[in-house]
Each structure stands twice: as C-alpha cells, then as structure tokens.
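**Q** For reference, the file coords24.cif (mmCIF, C-alpha atoms) is included below:
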```
data_input
loop_
_atom_site.label_atom_id
_atom_site.label_comp_id
_atom_site.auth_asym_id
_atom_site.auth_seq_id
_atom_site.Cartn_x
_atom_site.Cartn_y
_atom_site.Cartn_z
CA MET A 1 -8.93 3.71 14.18
CA LEU A 2 -5.26 4.09 14.93
CA ALA A 3 -2.97 3.12 17.80
CA ALA A 4 0.81 3.00 18.12
CA GLY A 5 2.81 0.13 19.58
CA VAL A 6 5.55 -2.44 19.05
CA GLY A 7 5.64 -6.24 19.07
CA GLY A 8 7.04 -9.38 17.37
CA GLN A 9 5.63 -12.26 15.35
CA GLY A 10 8.59 -14.35 14.19
CA GLU A 11 7.04 -17.80 14.09
CA ARG A 12 4.10 -16.64 11.95
CA LEU A 13 6.49 -14.95 9.52
CA ALA A 14 8.74 -17.98 9.20
CA GLY A 15 5.74 -20.03 8.07
CA HIS A 16 4.60 -17.23 5.80
CA ARG A 17 7.92 -17.21 3.90
CA ARG A 18 7.41 -20.82 2.90
CA LYS A 19 4.15 -19.83 1.16
CA MET A 20 5.76 -16.96 -0.75
CA ALA A 21 6.76 -18.98 -3.81
CA VAL A 22 3.16 -20.07 -4.40
CA GLU A 23 1.59 -16.67 -3.71
CA SER A 24 4.07 -14.72 -5.83
CA ARG A 25 2.94 -16.58 -8.97
CA VAL A 26 -0.45 -14.85 -8.89
CA THR A 27 -0.48 -11.95 -11.36
CA GLN A 28 -1.95 -8.53 -10.58
CA GLU A 29 -4.55 -9.07 -13.34
CA GLU A 30 -5.73 -12.31 -11.74
CA ILE A 31 -6.01 -10.62 -8.35
CA LYS A 32 -8.01 -7.70 -9.72
CA LYS A 33 -10.46 -10.02 -11.53
CA GLU A 34 -11.66 -11.72 -8.35
CA PRO A 35 -14.76 -9.97 -6.99
CA GLU A 36 -14.38 -8.63 -3.47
CA LYS A 37 -16.96 -9.51 -0.86
CA PRO A 38 -18.54 -6.38 0.62
CA ILE A 39 -17.68 -5.84 4.28
CA ASP A 40 -20.23 -4.41 6.68
CA ARG A 41 -18.02 -2.29 8.93
CA GLU A 42 -20.84 -1.92 11.44
CA LYS A 43 -21.06 -5.69 11.96
CA THR A 44 -17.48 -6.83 11.21
CA CYS A 45 -14.78 -6.52 13.84
CA PRO A 46 -11.71 -4.65 12.51
CA LEU A 47 -8.34 -6.36 12.18
CA LEU A 48 -5.05 -5.11 13.60
CA LEU A 49 -2.80 -4.01 10.75
CA ARG A 50 0.85 -3.71 11.75
CA VAL A 51 2.41 -1.06 9.51
CA PHE A 52 6.09 -0.11 9.32
CA THR A 53 7.09 3.15 7.67
CA THR A 54 10.28 4.74 6.41
CA ASN A 55 10.75 8.35 5.33
CA ASN A 56 13.62 7.73 2.92
CA GLY A 57 11.58 6.35 0.02
CA ARG A 58 12.90 2.78 0.44
CA HIS A 59 11.24 -0.19 2.09
CA HIS A 60 12.75 -1.85 5.14
CA ARG A 61 15.28 -4.61 4.51
CA MET A 62 13.97 -8.13 5.01
CA ASP A 63 16.58 -8.81 7.72
CA GLU A 64 14.88 -6.13 9.86
CA PHE A 65 11.96 -8.57 10.22
CA SER A 66 14.03 -11.65 11.06
CA ARG A 67 14.17 -13.68 14.28
CA GLY A 68 11.01 -12.15 15.72
CA ASN A 69 12.30 -8.58 15.36
CA VAL A 70 10.47 -5.73 13.67
CA PRO A 71 11.51 -2.16 12.81
CA SER A 72 10.83 0.47 15.50
CA SER A 73 8.65 2.60 13.20
CA GLU A 74 5.52 0.54 13.80
CA LEU A 75 2.00 1.93 13.57
CA GLN A 76 -0.89 -0.25 14.63
CA ILE A 77 -4.01 0.49 12.64
CA TYR A 78 -7.39 -1.08 13.29
CA THR A 79 -9.10 -1.43 9.92
CA TRP A 80 -10.95 -3.85 7.64
CA MET A 81 -9.92 -6.01 4.68
CA ASP A 82 -11.67 -3.59 2.31
CA ALA A 83 -9.42 -0.69 3.43
CA THR A 84 -8.06 1.17 0.41
CA LEU A 85 -4.49 2.38 0.05
CA LYS A 86 -5.81 5.96 0.03
CA GLU A 87 -7.60 5.32 3.33
CA LEU A 88 -4.38 3.94 4.84
CA THR A 89 -2.47 6.94 3.46
CA SER A 90 -4.83 9.27 5.34
CA LEU A 91 -4.27 7.41 8.60
CA VAL A 92 -0.48 7.51 8.22
CA LYS A 93 -0.65 11.25 7.50
CA GLU A 94 -2.48 11.76 10.82
CA VAL A 95 0.59 10.43 12.63
CA TYR A 96 3.29 11.95 10.40
CA PRO A 97 2.45 15.61 9.65
CA GLU A 98 5.47 15.93 7.33
CA ALA A 99 3.86 13.30 5.07
CA ARG A 100 0.89 15.65 4.46
CA LYS A 101 2.84 17.77 1.97
CA LYS A 102 1.38 17.66 -1.53
CA GLY A 103 3.45 15.34 -3.70
CA THR A 104 4.59 13.02 -0.88
CA HIS A 105 4.72 9.50 -2.34
CA PHE A 106 3.58 6.41 -0.39
CA ASN A 107 4.75 3.03 -1.71
CA PHE A 108 2.99 0.02 -0.16
CA ALA A 109 4.28 -3.55 0.13
CA ILE A 110 3.14 -6.58 2.06
CA VAL A 111 6.23 -7.82 3.87
CA PHE A 112 7.72 -10.97 2.27
CA ILE A 113 5.61 -10.51 -0.84
CA ASP A 114 5.78 -8.07 -3.75
CA GLU A 115 4.91 -4.38 -3.76
CA ILE A 116 1.14 -3.95 -3.91
CA GLY A 117 0.68 -0.32 -4.95
CA SER A 118 1.34 3.34 -4.27
CA THR A 119 -0.46 6.63 -3.56
CA MET A 120 0.54 10.30 -3.54
CA SER A 121 -0.65 13.14 -1.32
CA GLY A 122 -2.73 15.64 -3.28
CA ARG A 123 -3.07 13.49 -6.40
CA LYS A 124 -5.43 10.82 -7.66
CA GLY A 125 -3.86 7.55 -8.72
CA THR A 126 -4.84 4.19 -10.13
CA ASP A 127 -3.98 2.40 -6.86
CA ASP A 128 -6.04 4.69 -4.59
CA SER A 129 -9.05 2.36 -4.42
CA MET A 130 -7.01 -0.86 -4.23
CA THR A 131 -7.94 -2.82 -1.11
CA LEU A 132 -5.98 -5.12 1.16
CA GLN A 133 -8.37 -7.93 0.28
CA SER A 134 -7.74 -7.51 -3.47
CA GLN A 135 -4.01 -7.97 -2.88
CA LYS A 136 -4.40 -11.26 -0.98
CA PHE A 137 -3.47 -9.63 2.33
CA GLN A 138 -3.99 -12.06 5.20
CA ILE A 139 -4.69 -11.09 8.78
CA GLY A 140 -1.31 -11.20 10.53
CA ASP A 141 0.68 -9.99 7.50
CA TYR A 142 2.79 -6.85 7.92
CA LEU A 143 2.49 -3.82 5.64
CA ASP A 144 5.61 -1.78 4.85
CA ILE A 145 5.14 1.79 3.51
CA ALA A 146 8.09 3.66 1.98
CA ILE A 147 7.31 7.39 2.18
CA THR A 148 9.13 9.72 -0.21
CA PRO A 149 8.89 13.47 0.47
CA PRO A 150 7.99 15.65 -2.54
CA ASN A 151 10.81 16.45 -4.99
CA ARG A 152 13.03 13.62 -3.65
CA ALA A 153 12.34 11.08 -6.39
CA PRO A 154 10.00 10.92 -9.37
CA PRO A 155 6.73 9.02 -8.85
CA PRO A 156 6.27 5.70 -10.64
CA SER A 157 5.25 6.48 -14.22
CA GLY A 158 1.61 6.04 -15.16
CA ARG A 159 0.37 5.17 -11.67
CA VAL A 160 -0.41 8.61 -10.20
CA ARG A 161 -2.05 11.59 -11.91
CA PRO A 162 -2.82 15.15 -10.70
CA TYR A 163 -6.33 15.98 -9.42
#
```
In structure tokens, what does this structure look like?

**A**
Amino acid sequence: MLAAGVGGQGERLAGHRRKMAVESRVTQEEIKKEPEKPIDREKTCPLLLRVFTTNNGRHHRMDEFSRGNVPSSELQIYTWMDATLKELTSLVKEVYPEARKKGTHFNFAIVFIDEIGSTMSGRKGTDDSMTLQSQKFQIGDYLDIAITPPNRAPPPSGRVRPY
C-alpha cells in the first residue's frame, strides 16, 4: 500500500536521538543473528512508514529533520515490519518511474541511525531480503533512501550482483 503526504514529528525524533548512542553499538552481525518473528499480514495491521527520497545519490542532511521539519520528498508507505528492502524498492519505483532504469541504486538509512542496506534495480543483492525488523526499525522512525541513477556512481562493492 502506498500513499503520499507530508507531516512533522519533532518531539519523537528529539527523544530518539538520545537513544542513538546505545543503538549504534549493536553490530550488523548481532542484528542478523536474532530470529525474526513471522508476521501474518492478513491479521496484522500495517504500519505507516515515512520515507524521504533524494535522486542525487546522497542522503538528506540531518538538519533537514530538525525542529519538527521534514524534507518535502516524503512518501507514506503502509507496510509491515517484515518488509524487505527489495519490496520497498518496488514501491518507490511505482512513484518514481525514472528510478525503474536497470542499474539505479537505492541506499537505505534509518534517520538518526546508520545506513541499513542498499538495493539495485535489475540486480540481486545481499541486502534484498533484509527486513525493517532485522535492522531494529521502530514504528515512528523515518527511512531515508538515496537514489542514484545508473552510471552516476559505482555501487558499493560486494553488496550487489547481476541477476
């Protein structure tokens, strides 16, 4: 499910920043070792995922999320905690036809935390099946996706391979 809109959430984010130091100490290996609980999408209500995109290959600056403000490029996606990065890539491509070109790179980051993974149109990658839940995403967090058109910058080495 996908819907577009804009809104702010400054107080929640201010509290979230205080937790960053603790959460950033968790390694990717530790996160991946924790088993994910299966989600029954027929019985579980979806969450609202507020996604902000750029088309220049760089993530938004942190000051763009300060004082209750958010970037204007917001997509609101209704999804579940077991949503994969590849699934989110497909939803973003529905809204941005130019991102459908083979080789377009999508770099995902939870706002105020570290990068969580990346995908590429037309290629399989190691992060494709990564879920929000596996990356300690919490309902209310923002997701920032830096989209790089093909031939603009090389993909991260070792993370994406051709089909």

**Q** Write out as CSV the residues of region 59-147 of chain A that have any atom within 9 Å of an atom of region 44-53 of chain A, one row each with the nearest atom pair and its distance in Å to one decimal, counting only C-alpha atoms, sorted by chain and then rising number.

**A**
```
residue,atom,partner,partner_atom,distance
A:His59,CA,A:Thr53,CA,7.7
A:His60,CA,A:Thr53,CA,8.0
A:Val70,CA,A:Phe52,CA,8.3
A:Pro71,CA,A:Phe52,CA,6.8
A:Ser72,CA,A:Phe52,CA,7.8
A:Ser73,CA,A:Phe52,CA,5.4
A:Glu74,CA,A:Phe52,CA,4.6
A:Leu75,CA,A:Val51,CA,5.1
A:Gln76,CA,A:Arg50,CA,4.8
A:Ile77,CA,A:Leu49,CA,5.0
A:Tyr78,CA,A:Leu48,CA,4.7
A:Thr79,CA,A:Pro46,CA,4.9
A:Trp80,CA,A:Pro46,CA,5.0
A:Met81,CA,A:Leu47,CA,7.7
A:Val92,CA,A:Thr53,CA,8.8
A:Ile139,CA,A:Leu47,CA,6.9
A:Gly140,CA,A:Leu49,CA,7.3
A:Asp141,CA,A:Arg50,CA,7.6
A:Tyr142,CA,A:Arg50,CA,5.3
A:Leu143,CA,A:Val51,CA,4.8
A:Asp144,CA,A:Phe52,CA,4.8
A:Ile145,CA,A:Thr53,CA,4.8
A:Ala146,CA,A:Thr53,CA,5.8
A:Ile147,CA,A:Thr53,CA,6.9
```

**Q** Carefully work through the PyMOL selection byres ((chain A and resi 104) around 10) for this structure and note down the residues it includes, as an NGL selection string.

**A** :A and (55 or 57 or 98-103 or 105-106 or 119-123 or 147-153 or 155)

**Q** In Å, how far is it from CA of Gln133 (chain A) to CA of Thr89 (chain A)?

**A**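 Separating CA of Gln133 (chain A) from CA of Thr89 (chain A) is a distance of 16.3 Å.
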
**Q** Using Å and a single decimal, report how far CA of Ala109 (chain A) sits from CA of Arg58 (chain A).

**A** 10.7 Å

**Q** When you count all atoms listed in the file, which of these residues is closest to Leu85 (chain A): A:Glu36, A:Arg41, A:Met62, A:Thr126?

**A**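 Answer, going by the shortest atom-to-atom distance: A:Thr126.
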
**Q** Using all atoms listed in the file, find the one residue out of A:Lys136, A:Asn107, A:Ala83, A:Lys43 that sits nearest to Asn56 (chain A).

**A**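 Closest to Asn56 (chain A), using all atoms listed in the file: A:Asn107.
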
**Q** What is the CA of Thr54 (chain A) to CA of Ser66 (chain A) distance in Å?

**A**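 About the pair CA of Thr54 (chain A) and CA of Ser66 (chain A): they are 17.4 Å apart.
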